[in-house]
>>> print(open('work-v5.cif').read())   # mmCIF, C-alpha atoms
data_coords
loop_
_atom_site.label_atom_id
_atom_site.label_comp_id
_atom_site.auth_asym_id
_atom_site.auth_seq_id
_atom_site.Cartn_x
_atom_site.Cartn_y
_atom_site.Cartn_z
CA MET A 1 -4.68 39.35 -11.33
CA GLU A 2 -5.59 36.10 -9.59
CA LYS A 3 -3.00 34.19 -7.59
CA MET A 4 -1.83 30.91 -9.02
CA GLY A 5 -2.43 27.85 -6.89
CA THR A 6 -5.69 28.99 -5.34
CA ALA A 7 -8.40 26.37 -5.47
CA GLU A 8 -12.13 26.38 -5.14
CA PRO A 9 -12.80 26.28 -1.38
CA ASN A 10 -15.55 23.67 -1.75
CA PHE A 11 -13.71 21.64 -4.38
CA GLU A 12 -14.03 18.36 -2.44
CA GLN A 13 -17.81 18.75 -2.23
CA LEU A 14 -18.10 18.59 -6.02
CA PHE A 15 -17.24 14.90 -6.02
CA GLU A 16 -19.44 12.28 -4.47
CA GLU A 17 -18.03 10.49 -1.45
CA LYS A 18 -16.93 6.98 -2.39
CA LYS A 19 -17.58 4.11 -0.01
CA ARG A 20 -14.49 3.03 1.92
CA VAL A 21 -13.58 -0.47 0.85
CA ARG A 22 -10.71 -2.59 2.02
CA ASN A 23 -9.09 -4.85 -0.52
CA PRO A 24 -9.34 -8.46 0.74
CA LEU A 25 -5.98 -9.35 -0.84
CA VAL A 26 -3.97 -6.97 1.37
CA PRO A 27 -4.05 -9.23 4.48
CA VAL A 28 -3.12 -12.21 2.28
CA GLY A 29 -0.10 -10.27 0.98
CA ALA A 30 0.89 -9.32 4.53
CA LEU A 31 0.72 -12.95 5.65
CA MET A 32 2.70 -14.09 2.61
CA THR A 33 5.35 -11.46 3.36
CA ALA A 34 5.62 -12.66 6.96
CA GLY A 35 5.78 -16.29 5.87
CA VAL A 36 8.48 -15.77 3.26
CA LEU A 37 10.48 -13.62 5.70
CA THR A 38 10.27 -16.33 8.37
CA ALA A 39 11.27 -19.06 5.89
CA GLY A 40 14.21 -16.95 4.69
CA LEU A 41 15.45 -16.34 8.23
CA ILE A 42 15.14 -20.05 9.07
CA SER A 43 17.12 -20.94 5.93
CA PHE A 44 19.90 -18.51 6.87
CA ARG A 45 19.94 -19.92 10.40
CA ARG A 46 20.32 -23.46 9.09
CA GLY A 47 23.20 -22.43 6.85
CA ASN A 48 21.47 -22.55 3.47
CA SER A 49 22.35 -19.03 2.38
CA GLN A 50 21.44 -19.50 -1.31
CA LEU A 51 17.84 -20.48 -0.49
CA GLY A 52 17.72 -17.73 2.13
CA GLN A 53 18.75 -15.12 -0.43
CA VAL A 54 16.11 -16.32 -2.89
CA LEU A 55 13.46 -16.16 -0.18
CA MET A 56 14.53 -12.67 0.87
CA ARG A 57 14.28 -11.49 -2.74
CA ALA A 58 10.82 -13.07 -2.94
CA ARG A 59 9.86 -11.23 0.26
CA VAL A 60 10.80 -7.90 -1.33
CA VAL A 61 8.65 -8.69 -4.38
CA VAL A 62 5.65 -9.78 -2.29
CA GLN A 63 6.00 -6.80 0.03
CA GLY A 64 6.21 -4.38 -2.91
CA ALA A 65 3.14 -5.93 -4.52
CA THR A 66 1.20 -5.65 -1.26
CA VAL A 67 2.08 -1.96 -0.85
CA ALA A 68 1.18 -1.29 -4.50
CA LEU A 69 -2.15 -3.04 -3.93
CA MET A 70 -2.85 -0.92 -0.85
CA VAL A 71 -1.99 2.36 -2.58
CA GLY A 72 -3.87 1.38 -5.74
CA THR A 73 -6.98 0.50 -3.76
CA ALA A 74 -6.81 3.75 -1.80
CA PHE A 75 -6.33 5.75 -5.00
CA TYR A 76 -9.20 3.98 -6.80
CA TYR A 77 -11.65 4.56 -3.96
CA GLY A 78 -10.62 8.20 -3.58
CA ASP A 79 -8.82 7.95 -0.24
CA ASN A 80 -5.62 9.99 -0.02
CA PRO A 81 -3.22 8.20 2.37
CA TRP A 82 -1.07 11.32 2.73
CA LYS A 83 -3.92 13.66 3.64
CA LYS A 84 -3.82 14.79 7.26
CA PRO A 85 -7.03 14.04 9.17
CA SER A 86 -8.96 17.18 9.98
#
>>> encode(input="work-v5.cif", output="structure tokens")
Amino acid sequence: MEKMGTAEPNFEQLFEEKKRVRNPLVPVGALMTAGVLTAGLISFRRGNSQLGQVLMRARVVVQGATVALMVGTAFYYGDNPWKKPS
């Protein structure tokens, strides 16, 4: 009886290596996150807490979209971000 969970040793060689591509929108998302964060902190510092809260919520949305974009790009191009380098 064969053990469950055993994989073909050369399984990764069956698939062609995809070219590593960086998504050009990721740096834009990072800059937008930094900009919204800075604007939110400035608003809090000046005493406008309502605008600051709105900007902080916007930062969370932009940051989440940027991370989703990074993971989606890595998944599409076959790069596993959790795989340990060998």
>>> atom_distance(input="work-v5.cif", atom1="atom CA of Thr66 of chain A", atom2="atom CA of Ser43 of chain A")
23.2 Å
>>> atom_distance(input="work-v5.cif", atom1="atom CA of Met32 of chain A", atom2="atom CA of Arg45 of chain A")
19.8 Å
>>> resolve_selection(input="work-v5.cif", expression="the PyMOL selection byres ((chain A and resi 58-63) around 8)", output="PyMOL selection string")
chain A and resi 29-30+32-33+36-37+54-57+64-67
>>> atom_distance(input="work-v5.cif", atom1="atom CA of Gln53 of chain A", atom2="atom CA of Gly40 of chain A")
7.1 Å
>>> decode(input="work-v5.cif", residues="segment 37-64 of chain A", atoms="N, CA, C and O atoms", output="mmCIF file, in the first residue's frame")
data_model
loop_
_atom_site.group_PDB
_atom_site.id
_atom_site.type_symbol
_atom_site.label_atom_id
_atom_site.label_comp_id
_atom_site.auth_asym_id
_atom_site.auth_seq_id
_atom_site.Cartn_x
_atom_site.Cartn_y
_atom_site.Cartn_z
ATOM 1 N N LEU A 37 -1.164 57.462 4.540
ATOM 2 C CA LEU A 37 -0.761 57.348 5.947
ATOM 3 C C LEU A 37 -0.222 58.677 6.458
ATOM 4 O O LEU A 37 -0.603 59.155 7.532
ATOM 5 N N THR A 38 0.639 59.304 5.662
ATOM 6 C CA THR A 38 1.212 60.602 6.060
ATOM 7 C C THR A 38 0.120 61.658 6.198
ATOM 8 O O THR A 38 0.092 62.424 7.174
ATOM 9 N N ALA A 39 -0.796 61.711 5.225
ATOM 10 C CA ALA A 39 -1.887 62.695 5.289
ATOM 11 C C ALA A 39 -2.773 62.449 6.516
ATOM 12 O O ALA A 39 -3.202 63.407 7.180
ATOM 13 N N GLY A 40 -3.035 61.170 6.816
ATOM 14 C CA GLY A 40 -3.850 60.859 7.998
ATOM 15 C C GLY A 40 -3.173 61.278 9.289
ATOM 16 O O GLY A 40 -3.810 61.832 10.192
ATOM 17 N N LEU A 41 -1.863 61.041 9.385
ATOM 18 C CA LEU A 41 -1.139 61.445 10.595
ATOM 19 C C LEU A 41 -1.085 62.960 10.735
ATOM 20 O O LEU A 41 -1.213 63.500 11.842
ATOM 21 N N ILE A 42 -0.918 63.668 9.622
ATOM 22 C CA ILE A 42 -0.910 65.135 9.661
ATOM 23 C C ILE A 42 -2.274 65.653 10.108
ATOM 24 O O ILE A 42 -2.365 66.598 10.904
ATOM 25 N N SER A 43 -3.354 65.026 9.603
ATOM 26 C CA SER A 43 -4.702 65.458 9.999
ATOM 27 C C SER A 43 -4.939 65.255 11.489
ATOM 28 O O SER A 43 -5.521 66.115 12.153
ATOM 29 N N PHE A 44 -4.503 64.104 12.015
ATOM 30 C CA PHE A 44 -4.636 63.877 13.461
ATOM 31 C C PHE A 44 -3.835 64.910 14.233
ATOM 32 O O PHE A 44 -4.288 65.443 15.252
ATOM 33 N N ARG A 45 -2.653 65.217 13.760
ATOM 34 C CA ARG A 45 -1.771 66.171 14.458
ATOM 35 C C ARG A 45 -2.396 67.565 14.498
ATOM 36 O O ARG A 45 -2.253 68.288 15.486
ATOM 37 N N ARG A 46 -3.103 67.915 13.435
ATOM 38 C CA ARG A 46 -3.725 69.242 13.371
ATOM 39 C C ARG A 46 -5.085 69.285 14.067
ATOM 40 O O ARG A 46 -5.728 70.318 14.087
ATOM 41 N N GLY A 47 -5.530 68.157 14.574
ATOM 42 C CA GLY A 47 -6.767 68.142 15.350
ATOM 43 C C GLY A 47 -7.998 67.764 14.567
ATOM 44 O O GLY A 47 -9.103 67.764 15.109
ATOM 45 N N ASN A 48 -7.868 67.439 13.291
ATOM 46 C CA ASN A 48 -9.029 67.048 12.502
ATOM 47 C C ASN A 48 -9.147 65.528 12.539
ATOM 48 O O ASN A 48 -8.714 64.827 11.638
ATOM 49 N N SER A 49 -9.759 65.016 13.610
ATOM 50 C CA SER A 49 -9.756 63.571 13.795
ATOM 51 C C SER A 49 -10.707 62.863 12.832
ATOM 52 O O SER A 49 -10.469 61.721 12.474
ATOM 53 N N GLN A 50 -11.782 63.529 12.390
ATOM 54 C CA GLN A 50 -12.713 62.870 11.467
ATOM 55 C C GLN A 50 -12.026 62.607 10.127
ATOM 56 O O GLN A 50 -12.105 61.504 9.589
ATOM 57 N N LEU A 51 -11.342 63.597 9.581
ATOM 58 C CA LEU A 51 -10.616 63.413 8.324
ATOM 59 C C LEU A 51 -9.493 62.395 8.509
ATOM 60 O O LEU A 51 -9.246 61.552 7.642
ATOM 61 N N GLY A 52 -8.830 62.450 9.651
ATOM 62 C CA GLY A 52 -7.758 61.497 9.933
ATOM 63 C C GLY A 52 -8.256 60.069 9.945
ATOM 64 O O GLY A 52 -7.603 59.164 9.416
ATOM 65 N N GLN A 53 -9.446 59.847 10.542
ATOM 66 C CA GLN A 53 -10.013 58.497 10.572
ATOM 67 C C GLN A 53 -10.372 58.014 9.173
ATOM 68 O O GLN A 53 -10.138 56.849 8.821
ATOM 69 N N VAL A 54 -10.922 58.906 8.358
ATOM 70 C CA VAL A 54 -11.265 58.540 6.980
ATOM 71 C C VAL A 54 -10.000 58.175 6.208
ATOM 72 O O VAL A 54 -9.969 57.182 5.475
ATOM 73 N N LEU A 55 -8.943 58.958 6.392
ATOM 74 C CA LEU A 55 -7.693 58.676 5.691
ATOM 75 C C LEU A 55 -7.060 57.373 6.170
ATOM 76 O O LEU A 55 -6.470 56.629 5.371
ATOM 77 N N MET A 56 -7.168 57.086 7.450
ATOM 78 C CA MET A 56 -6.615 55.823 7.963
ATOM 79 C C MET A 56 -7.395 54.622 7.420
ATOM 80 O O MET A 56 -6.807 53.587 7.109
ATOM 81 N N ARG A 57 -8.716 54.769 7.285
ATOM 82 C CA ARG A 57 -9.493 53.693 6.679
ATOM 83 C C ARG A 57 -9.110 53.516 5.211
ATOM 84 O O ARG A 57 -9.010 52.392 4.713
ATOM 85 N N ALA A 58 -8.885 54.629 4.528
ATOM 86 C CA ALA A 58 -8.458 54.562 3.124
ATOM 87 C C ALA A 58 -7.093 53.888 3.014
ATOM 88 O O ALA A 58 -6.845 53.127 2.076
ATOM 89 N N ARG A 59 -6.226 54.147 3.977
ATOM 90 C CA ARG A 59 -4.896 53.518 3.963
ATOM 91 C C ARG A 59 -5.023 52.003 4.056
ATOM 92 O O ARG A 59 -4.333 51.265 3.352
ATOM 93 N N VAL A 60 -5.931 51.527 4.913
ATOM 94 C CA VAL A 60 -6.122 50.085 5.076
ATOM 95 C C VAL A 60 -6.604 49.470 3.763
ATOM 96 O O VAL A 60 -6.134 48.405 3.343
ATOM 97 N N VAL A 61 -7.508 50.158 3.074
ATOM 98 C CA VAL A 61 -8.031 49.650 1.805
ATOM 99 C C VAL A 61 -6.926 49.609 0.751
ATOM 100 O O VAL A 61 -6.754 48.606 0.050
ATOM 101 N N VAL A 62 -6.161 50.690 0.645
ATOM 102 C CA VAL A 62 -5.084 50.754 -0.354
ATOM 103 C C VAL A 62 -4.015 49.713 -0.039
ATOM 104 O O VAL A 62 -3.509 49.030 -0.939
ATOM 105 N N GLN A 63 -3.679 49.572 1.226
ATOM 106 C CA GLN A 63 -2.657 48.602 1.619
ATOM 107 C C GLN A 63 -3.129 47.169 1.328
ATOM 108 O O GLN A 63 -2.365 46.350 0.817
ATOM 109 N N GLY A 64 -4.377 46.873 1.621
ATOM 110 C CA GLY A 64 -4.921 45.552 1.328
ATOM 111 C C GLY A 64 -4.937 45.260 -0.167
ATOM 112 O O GLY A 64 -4.609 44.149 -0.599
#
